[in-house]
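Q: Hey, dropping run_8.tsv in here, TSV, C-alpha atoms:
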```tsv
chain	number	residue	atom	x	y	z
A	1	MET	CA	118.24	134.67	2.61
A	2	LYS	CA	118.02	131.20	4.18
A	3	GLU	CA	115.34	132.40	6.61
A	4	LEU	CA	113.40	133.92	3.74
A	5	LEU	CA	113.68	130.70	1.74
A	6	ASN	CA	112.36	128.72	4.69
A	7	SER	CA	109.26	130.92	4.66
A	8	PHE	CA	108.18	129.37	1.38
A	9	SER	CA	106.30	126.08	1.30
A	10	GLU	CA	106.57	123.22	-1.13
A	11	ILE	CA	103.89	123.27	-3.83
A	12	VAL	CA	102.04	119.98	-3.71
A	13	VAL	CA	100.05	119.17	-6.85
A	14	GLU	CA	97.00	117.11	-5.98
A	15	LYS	CA	96.29	113.93	-7.88
A	16	PRO	CA	92.89	113.47	-9.55
A	17	SER	CA	92.00	110.78	-7.00
A	18	ASP	CA	92.62	113.27	-4.17
A	19	LYS	CA	90.37	115.81	-5.86
A	20	ILE	CA	87.64	113.18	-6.15
A	21	ILE	CA	87.97	112.39	-2.44
A	22	HIS	CA	87.75	116.13	-1.66
A	23	GLN	CA	84.52	116.39	-3.67
A	24	ILE	CA	83.00	113.43	-1.86
A	25	LYS	CA	83.95	115.03	1.45
A	26	GLU	CA	82.29	118.29	0.39
A	27	LEU	CA	79.08	116.46	-0.54
A	28	ILE	CA	79.09	114.75	2.86
A	29	SER	CA	79.76	118.05	4.65
A	30	THR	CA	76.84	119.78	2.92
A	31	GLY	CA	74.50	116.86	3.53
A	32	GLN	CA	74.06	116.02	-0.16
A	33	LEU	CA	75.60	112.62	0.57
A	34	LYS	CA	74.28	110.84	3.66
A	35	PRO	CA	75.07	107.48	5.23
A	36	GLY	CA	73.37	104.81	3.14
A	37	ASP	CA	73.24	106.90	-0.05
A	38	LYS	CA	74.31	105.15	-3.25
A	39	LEU	CA	77.04	106.63	-5.46
A	40	PRO	CA	76.73	106.82	-9.26
A	41	SER	CA	78.50	104.08	-11.20
A	42	GLU	CA	82.24	104.20	-11.84
A	43	ARG	CA	81.57	104.97	-15.50
A	44	GLN	CA	79.20	107.83	-14.68
A	45	LEU	CA	81.63	109.33	-12.18
A	46	SER	CA	84.49	109.05	-14.66
A	47	GLU	CA	82.50	110.93	-17.28
A	48	ARG	CA	81.37	113.58	-14.80
A	49	PHE	CA	84.86	114.17	-13.38
A	50	ALA	CA	86.31	114.03	-16.91
A	51	VAL	CA	89.13	111.75	-15.74
A	52	GLY	CA	90.07	108.17	-16.44
A	53	ARG	CA	88.24	105.41	-14.59
A	54	THR	CA	91.52	104.43	-12.94
A	55	TYR	CA	91.47	107.62	-10.84
A	56	VAL	CA	87.85	107.05	-9.84
A	57	ARG	CA	88.63	103.45	-8.94
A	58	ASP	CA	91.65	104.54	-6.88
A	59	ALA	CA	89.61	107.08	-4.89
A	60	ILE	CA	86.78	104.63	-4.26
A	61	ARG	CA	89.22	101.86	-3.31
A	62	LYS	CA	90.89	104.05	-0.70
A	63	LEU	CA	87.57	105.19	0.74
A	64	GLU	CA	86.37	101.58	0.85
A	65	PHE	CA	89.53	100.45	2.60
A	66	TYR	CA	88.95	102.94	5.40
A	67	GLY	CA	85.29	101.99	5.69
A	68	ILE	CA	83.95	105.30	4.37
A	69	LEU	CA	82.34	103.64	1.37
A	70	LYS	CA	81.24	100.03	1.00
A	71	THR	CA	80.17	97.99	-1.98
A	72	LEU	CA	77.07	95.88	-1.49
A	73	PRO	CA	76.16	92.95	-3.77
A	74	GLN	CA	73.62	94.05	-6.40
A	75	SER	CA	73.37	97.48	-4.73
A	76	GLY	CA	76.55	99.23	-5.80
A	77	THR	CA	78.76	101.54	-3.73
A	78	VAL	CA	77.13	103.28	-0.79
A	79	VAL	CA	78.23	105.69	1.95
A	80	ALA	CA	78.97	103.88	5.22
A	81	GLY	CA	76.65	104.21	8.19
A	82	PHE	CA	78.78	106.63	10.22
A	83	GLY	CA	77.65	110.02	11.37
A	84	ILE	CA	78.57	113.03	9.22
A	85	ALA	CA	81.30	114.25	11.61
A	86	ALA	CA	82.92	110.82	11.75
A	87	LEU	CA	82.90	110.52	7.96
A	88	GLU	CA	84.49	113.96	7.54
A	89	SER	CA	87.20	113.09	10.06
A	90	LEU	CA	87.95	109.77	8.37
A	91	ILE	CA	88.29	111.38	4.94
A	92	THR	CA	90.62	114.02	6.35
A	93	ASP	CA	92.82	111.22	7.74
A	94	VAL	CA	92.89	109.48	4.34
A	95	LEU	CA	93.98	112.67	2.59
A	96	LYS	CA	96.68	113.33	5.19
A	97	LEU	CA	97.98	109.81	4.69
A	98	GLU	CA	98.55	110.40	0.99
A	99	GLY	CA	102.10	110.42	-0.40
A	100	ARG	CA	103.41	113.45	1.49
A	101	ASP	CA	105.77	111.29	3.50
A	102	PHE	CA	107.72	109.09	1.12
A	103	HIS	CA	109.94	107.70	3.87
A	104	SER	CA	106.98	106.48	5.93
A	105	LEU	CA	105.45	104.88	2.84
A	106	VAL	CA	108.70	103.04	2.10
A	107	GLU	CA	109.09	101.90	5.72
A	108	THR	CA	105.55	100.54	5.65
A	109	ARG	CA	106.15	98.83	2.33
A	110	VAL	CA	109.27	97.09	3.67
A	111	VAL	CA	107.36	95.71	6.67
A	112	LEU	CA	104.54	94.49	4.43
A	113	GLU	CA	106.77	93.02	1.73
A	114	ILE	CA	109.01	91.03	4.09
A	115	ASN	CA	106.01	89.33	5.65
A	116	SER	CA	104.33	88.97	2.27
A	117	ALA	CA	107.32	86.99	1.00
A	118	ARG	CA	107.39	84.82	4.13
A	119	PHE	CA	103.69	84.00	3.93
A	120	ALA	CA	103.93	83.38	0.19
A	121	ALA	CA	106.70	80.83	0.75
A	122	LEU	CA	104.50	78.99	3.25
A	123	ARG	CA	101.17	79.23	1.42
A	124	ARG	CA	101.85	79.46	-2.32
A	125	THR	CA	100.00	77.13	-4.66
A	126	PRO	CA	101.09	75.75	-8.05
A	127	ASP	CA	98.93	78.43	-9.70
A	128	ASP	CA	100.74	81.12	-7.69
A	129	ILE	CA	104.09	79.84	-8.96
A	130	VAL	CA	102.82	80.11	-12.55
A	131	SER	CA	101.60	83.68	-11.94
A	132	LEU	CA	104.88	84.70	-10.30
A	133	LYS	CA	106.94	83.20	-13.14
A	134	ASN	CA	104.79	85.01	-15.70
A	135	ALA	CA	105.14	88.31	-13.84
A	136	LEU	CA	108.89	87.84	-13.56
A	137	SER	CA	109.09	87.02	-17.28
A	138	SER	CA	107.23	90.24	-18.12
A	139	TYR	CA	109.60	92.20	-15.91
A	140	GLU	CA	112.64	90.56	-17.52
A	141	LYS	CA	111.41	91.45	-21.02
A	142	ALA	CA	110.77	95.05	-19.99
A	143	VAL	CA	114.24	95.38	-18.44
A	144	SER	CA	115.86	93.79	-21.53
A	145	SER	CA	114.18	96.39	-23.72
A	146	GLY	CA	115.72	99.20	-21.63
A	147	LYS	CA	112.57	100.23	-19.79
A	148	ALA	CA	112.55	101.31	-16.14
A	149	ALA	CA	109.85	98.61	-15.80
A	150	VAL	CA	108.29	100.15	-12.69
A	151	GLU	CA	104.81	98.74	-13.39
A	152	GLU	CA	106.17	95.28	-14.17
A	153	ASP	CA	108.18	95.40	-10.94
A	154	LEU	CA	105.06	96.28	-8.97
A	155	LEU	CA	103.08	93.47	-10.62
A	156	PHE	CA	105.64	90.89	-9.46
A	157	HIS	CA	105.41	92.18	-5.88
A	158	LEU	CA	101.61	92.21	-5.95
A	159	ASN	CA	101.66	88.61	-7.13
A	160	ILE	CA	103.72	87.76	-4.06
A	161	ALA	CA	101.11	89.53	-1.91
A	162	GLU	CA	98.41	87.48	-3.67
A	163	ALA	CA	100.34	84.28	-2.89
A	164	SER	CA	100.56	85.28	0.78
A	165	ARG	CA	96.83	84.48	1.09
A	166	ASN	CA	96.40	87.50	3.35
A	167	SER	CA	93.80	89.82	1.85
A	168	VAL	CA	94.41	92.62	4.35
A	169	LEU	CA	98.14	92.60	3.65
A	170	LYS	CA	97.43	92.76	-0.08
A	171	SER	CA	94.99	95.66	0.45
A	172	LEU	CA	97.60	97.57	2.44
A	173	MET	CA	100.10	97.00	-0.36
A	174	LEU	CA	97.60	98.49	-2.81
A	175	ILE	CA	97.23	101.53	-0.56
A	176	VAL	CA	100.92	102.42	-0.20
A	177	THR	CA	102.43	101.39	-3.54
A	178	PRO	CA	100.69	103.81	-5.96
A	179	ASP	CA	102.25	106.84	-4.26
A	180	ILE	CA	105.66	105.16	-4.14
A	181	LEU	CA	105.28	104.40	-7.84
A	182	THR	CA	104.49	108.05	-8.60
A	183	TYR	CA	107.55	109.19	-6.63
A	184	PHE	CA	109.77	106.70	-8.47
A	185	LYS	CA	108.67	108.07	-11.83
A	186	GLU	CA	108.90	111.74	-10.84
A	187	ASN	CA	112.40	111.35	-9.37
A	188	ASP	CA	113.77	108.79	-11.83
A	189	VAL	CA	114.57	106.42	-8.96
A	190	CYS	CA	114.71	103.29	-11.13
A	191	SER	CA	117.45	104.44	-13.47
A	192	GLY	CA	120.94	103.09	-14.16
A	193	ASN	CA	121.61	99.48	-13.22
A	194	ARG	CA	118.83	99.25	-10.65
A	195	PRO	CA	116.39	97.31	-12.87
A	196	LEU	CA	119.05	94.68	-13.63
A	197	THR	CA	119.96	94.34	-9.95
A	198	ALA	CA	116.28	94.11	-9.04
A	199	LEU	CA	115.80	91.39	-11.65
A	200	GLU	CA	118.49	89.27	-10.02
A	201	ASP	CA	116.87	89.85	-6.62
A	202	HIS	CA	113.48	88.81	-7.98
A	203	HIS	CA	114.88	85.50	-9.18
A	204	VAL	CA	116.37	84.81	-5.74
A	205	ILE	CA	113.12	85.70	-3.95
A	206	LEU	CA	111.08	83.51	-6.29
A	207	ASP	CA	113.46	80.55	-5.79
A	208	HIS	CA	112.97	80.77	-2.01
A	209	ILE	CA	109.19	80.98	-2.42
A	210	ILE	CA	109.20	77.94	-4.70
A	211	ASN	CA	111.36	76.06	-2.16
A	212	GLN	CA	109.01	77.18	0.64
A	213	ASP	CA	111.87	78.66	2.66
A	214	ALA	CA	110.03	81.42	4.53
A	215	GLU	CA	113.04	82.82	6.39
A	216	LYS	CA	115.23	83.12	3.30
A	217	ALA	CA	112.33	84.57	1.28
A	218	GLY	CA	111.79	87.26	3.92
A	219	GLU	CA	115.49	88.04	4.26
A	220	SER	CA	115.96	88.23	0.49
A	221	MET	CA	113.06	90.67	0.29
A	222	ARG	CA	114.63	92.76	3.06
A	223	GLU	CA	117.91	92.93	1.12
A	224	HIS	CA	116.02	93.69	-2.11
A	225	LEU	CA	114.34	96.72	-0.55
A	226	SER	CA	117.36	97.98	1.40
A	227	ASP	CA	118.46	100.35	-1.40
A	228	ILE	CA	115.13	102.14	-1.62
A	229	LEU	CA	114.93	102.34	2.19
A	230	ASN	CA	118.41	103.91	2.28
A	231	PHE	CA	117.36	106.27	-0.53
A	232	SER	CA	114.32	107.42	1.43
A	233	ASN	CA	116.48	107.92	4.54
A	234	LYS	CA	118.88	110.15	2.63
A	235	ASN	CA	116.00	112.25	1.34
A	236	LEU	CA	114.56	112.96	4.77
A	237	LYS	CA	114.77	116.60	5.83
A	238	PRO	CA	116.90	117.26	8.96
A	239	ASN	CA	113.88	117.78	11.23
A	240	GLU	CA	112.26	114.63	9.84
A	241	HIS	CA	115.38	112.65	10.78
A	242	MET	CA	114.95	113.85	14.35
A	243	ASN	CA	111.26	112.94	14.39
A	244	SER	CA	111.92	109.46	13.02
A	245	LYS	CA	114.22	108.53	15.90
```
Go ahead and render the structure in this file as structure tokens.

A:
Amino acid sequence: MKELLNSFSEIVVEKPSDKIIHQIKELISTGQLKPGDKLPSERQLSERFAVGRTYVRDAIRKLEFYGILKTLPQSGTVVAGFGIAALESLITDVLKLEGRDFHSLVETRVVLEINSARFAALRRTPDDIVSLKNALSSYEKAVSSGKAAVEEDLLFHLNIAEASRNSVLKSLMLIVTPDILTYFKENDVCSGNRPLTALEDHHVILDHIINQDAEKAGESMREHLSDILNFSNKNLKPNEHMNSK
């Protein structure tokens, strides 16, 4: 029975943004989209795909990050100047990178977030402090009302990335966090006392950023994310544990 069960594969439901990326790949494969061609506007694509503009924006953002699309001033979004084969290969890599491997996403997030906090402590401005306090206040209100507050949590972390003054680091954060967010919601990861514990952690991290203590900010972020890293470790399949060593 166990051998039979192992013959079945997990059903992975594609997100709308993945489906959009697939369609763009198909248009490139058939030659309907060529390097230099301009895409329709975000609004037009949203209406044509019959999905919210957020999904269109997410797909375009990911394709822009990997250099497959680029936005030119006063020209809109165009296909990059690669050859067709190179574009197809790049899009395949983007789709493979999507949230199939939650553990890898979490590991990457931890690396990014620790350094984000360190840089933020060194480079934050008075305006950054205001933004971080506002984000933390929104998170605190959401937690007090009994919400899981996943979005408010993410906003606080993205404000830290903004304060790091490293645009690439922030872009990488925007790549990995949406899939982690989806997993959190689907698996009820942020239940119980976790939001309250996270709130306390956020206050500590913000204090170190305000005091410009880079080492303590980074270490506090590491401790803050240790629970979710341990959670992802526990949810690795046996063969994945072996591959991660």

Q: Is it possible to get the residues within 12 Å of (120.1, 91.2, 1.2) (coordinates as in the file, counting only C-alpha atoms) written as an mmCIF file with C-alpha atoms, in the frame of the given file?

A:
```
data_model
loop_
_atom_site.group_PDB
_atom_site.id
_atom_site.type_symbol
_atom_site.label_atom_id
_atom_site.label_comp_id
_atom_site.auth_asym_id
_atom_site.auth_seq_id
_atom_site.Cartn_x
_atom_site.Cartn_y
_atom_site.Cartn_z
ATOM 1 C CA ILE A 114 109.010 91.030 4.090
ATOM 2 C CA THR A 197 119.960 94.340 -9.950
ATOM 3 C CA ALA A 198 116.280 94.110 -9.040
ATOM 4 C CA GLU A 200 118.490 89.270 -10.020
ATOM 5 C CA ASP A 201 116.870 89.850 -6.620
ATOM 6 C CA HIS A 202 113.480 88.810 -7.980
ATOM 7 C CA VAL A 204 116.370 84.810 -5.740
ATOM 8 C CA ILE A 205 113.120 85.700 -3.950
ATOM 9 C CA LYS A 216 115.230 83.120 3.300
ATOM 10 C CA ALA A 217 112.330 84.570 1.280
ATOM 11 C CA GLY A 218 111.790 87.260 3.920
ATOM 12 C CA GLU A 219 115.490 88.040 4.260
ATOM 13 C CA SER A 220 115.960 88.230 0.490
ATOM 14 C CA MET A 221 113.060 90.670 0.290
ATOM 15 C CA ARG A 222 114.630 92.760 3.060
ATOM 16 C CA GLU A 223 117.910 92.930 1.120
ATOM 17 C CA HIS A 224 116.020 93.690 -2.110
ATOM 18 C CA LEU A 225 114.340 96.720 -0.550
ATOM 19 C CA SER A 226 117.360 97.980 1.400
ATOM 20 C CA ASP A 227 118.460 100.350 -1.400
#
```

Q: Write out as a ChimeraX atom specification the residues lying within 7 Å of Asn159 in chain A, counting only C-alpha atoms and excluding same-chain residues fewer than 3 positions away.

A: /A:131-132,155-156,162-163

Q: Find the residues around range 106-111 of chain A up to 9 Å (all atoms listed in the file counted), leave out those fewer than 4 positions away in its own chain, and share them as a ChimeraX atom specification.

A: /A:101-102,115-116,172-173,176-177,180,221-222,225-226,228-229,232

Q: Given the choices A:Ile20, A:Leu105, A:Ile209, A:Ala120, which gets closest to Arg48 in chain A if the distance is worked out from only C-alpha atoms?

A: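 The answer is A:Ile20, which sits nearest to Arg48 in chain A.
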
Q: By how many Å are CA of Arg43 in chain A and CA of Lys170 in chain A apart?

A: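 Result for CA of Arg43 in chain A versus CA of Lys170 in chain A: 25.3 Å, one decimal.
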
Q: Could you check which of A:Lys25, A:Lys62, A:His203, A:His103 is closest to Asn230 in chain A, using all atoms listed in the file?

A: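 Among A:Lys25, A:Lys62, A:His203, A:His103, it is A:His103 that comes nearest to Asn230 in chain A.
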
Q: Kindly give the distance, in Å, that separates CA of Arg123 in chain A and CA of Ile210 in chain A, rounded to a single decimal.

A: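 So the answer is 10.2 Å.
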
Q: Report the distance between CA of Glu151 in chain A and CA of Thr54 in chain A in Å, rounded to one decimal place.

A: 14.5 Å

Q: Rank A:Val78, A:Lys34, A:Asn233, A:Tyr55 by their smallest atom-to-atom distance to Asp18 in chain A, using only C-alpha atoms, and report the top residue only.

A: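 Between A:Val78, A:Lys34, A:Asn233, A:Tyr55, the residue approaching Asp18 in chain A most closely is A:Tyr55.
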
Q: Using only C-alpha atoms, which of the listed residues (A:Ser167, A:Ala117, A:Ile60, A:Lys141) sits closest to Thr77 in chain A?

A: A:Ile60

Q: So, with only C-alpha atoms as the atoms that count, which of A:Ala121, A:Val143, A:Val130, A:Leu136 lies closest to Asp213 in chain A?

A: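 When distances to Asp213 in chain A are compared using only C-alpha atoms, the smallest one comes from A:Ala121.
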
Q: Point out the residue among A:Asn193, A:Leu158, A:Thr30, A:Arg165 with the least atom-to-atom distance to Ser144 in chain A, counting all atoms listed in the file.

A: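 For Ser144 in chain A, the nearest of the candidates is A:Asn193.
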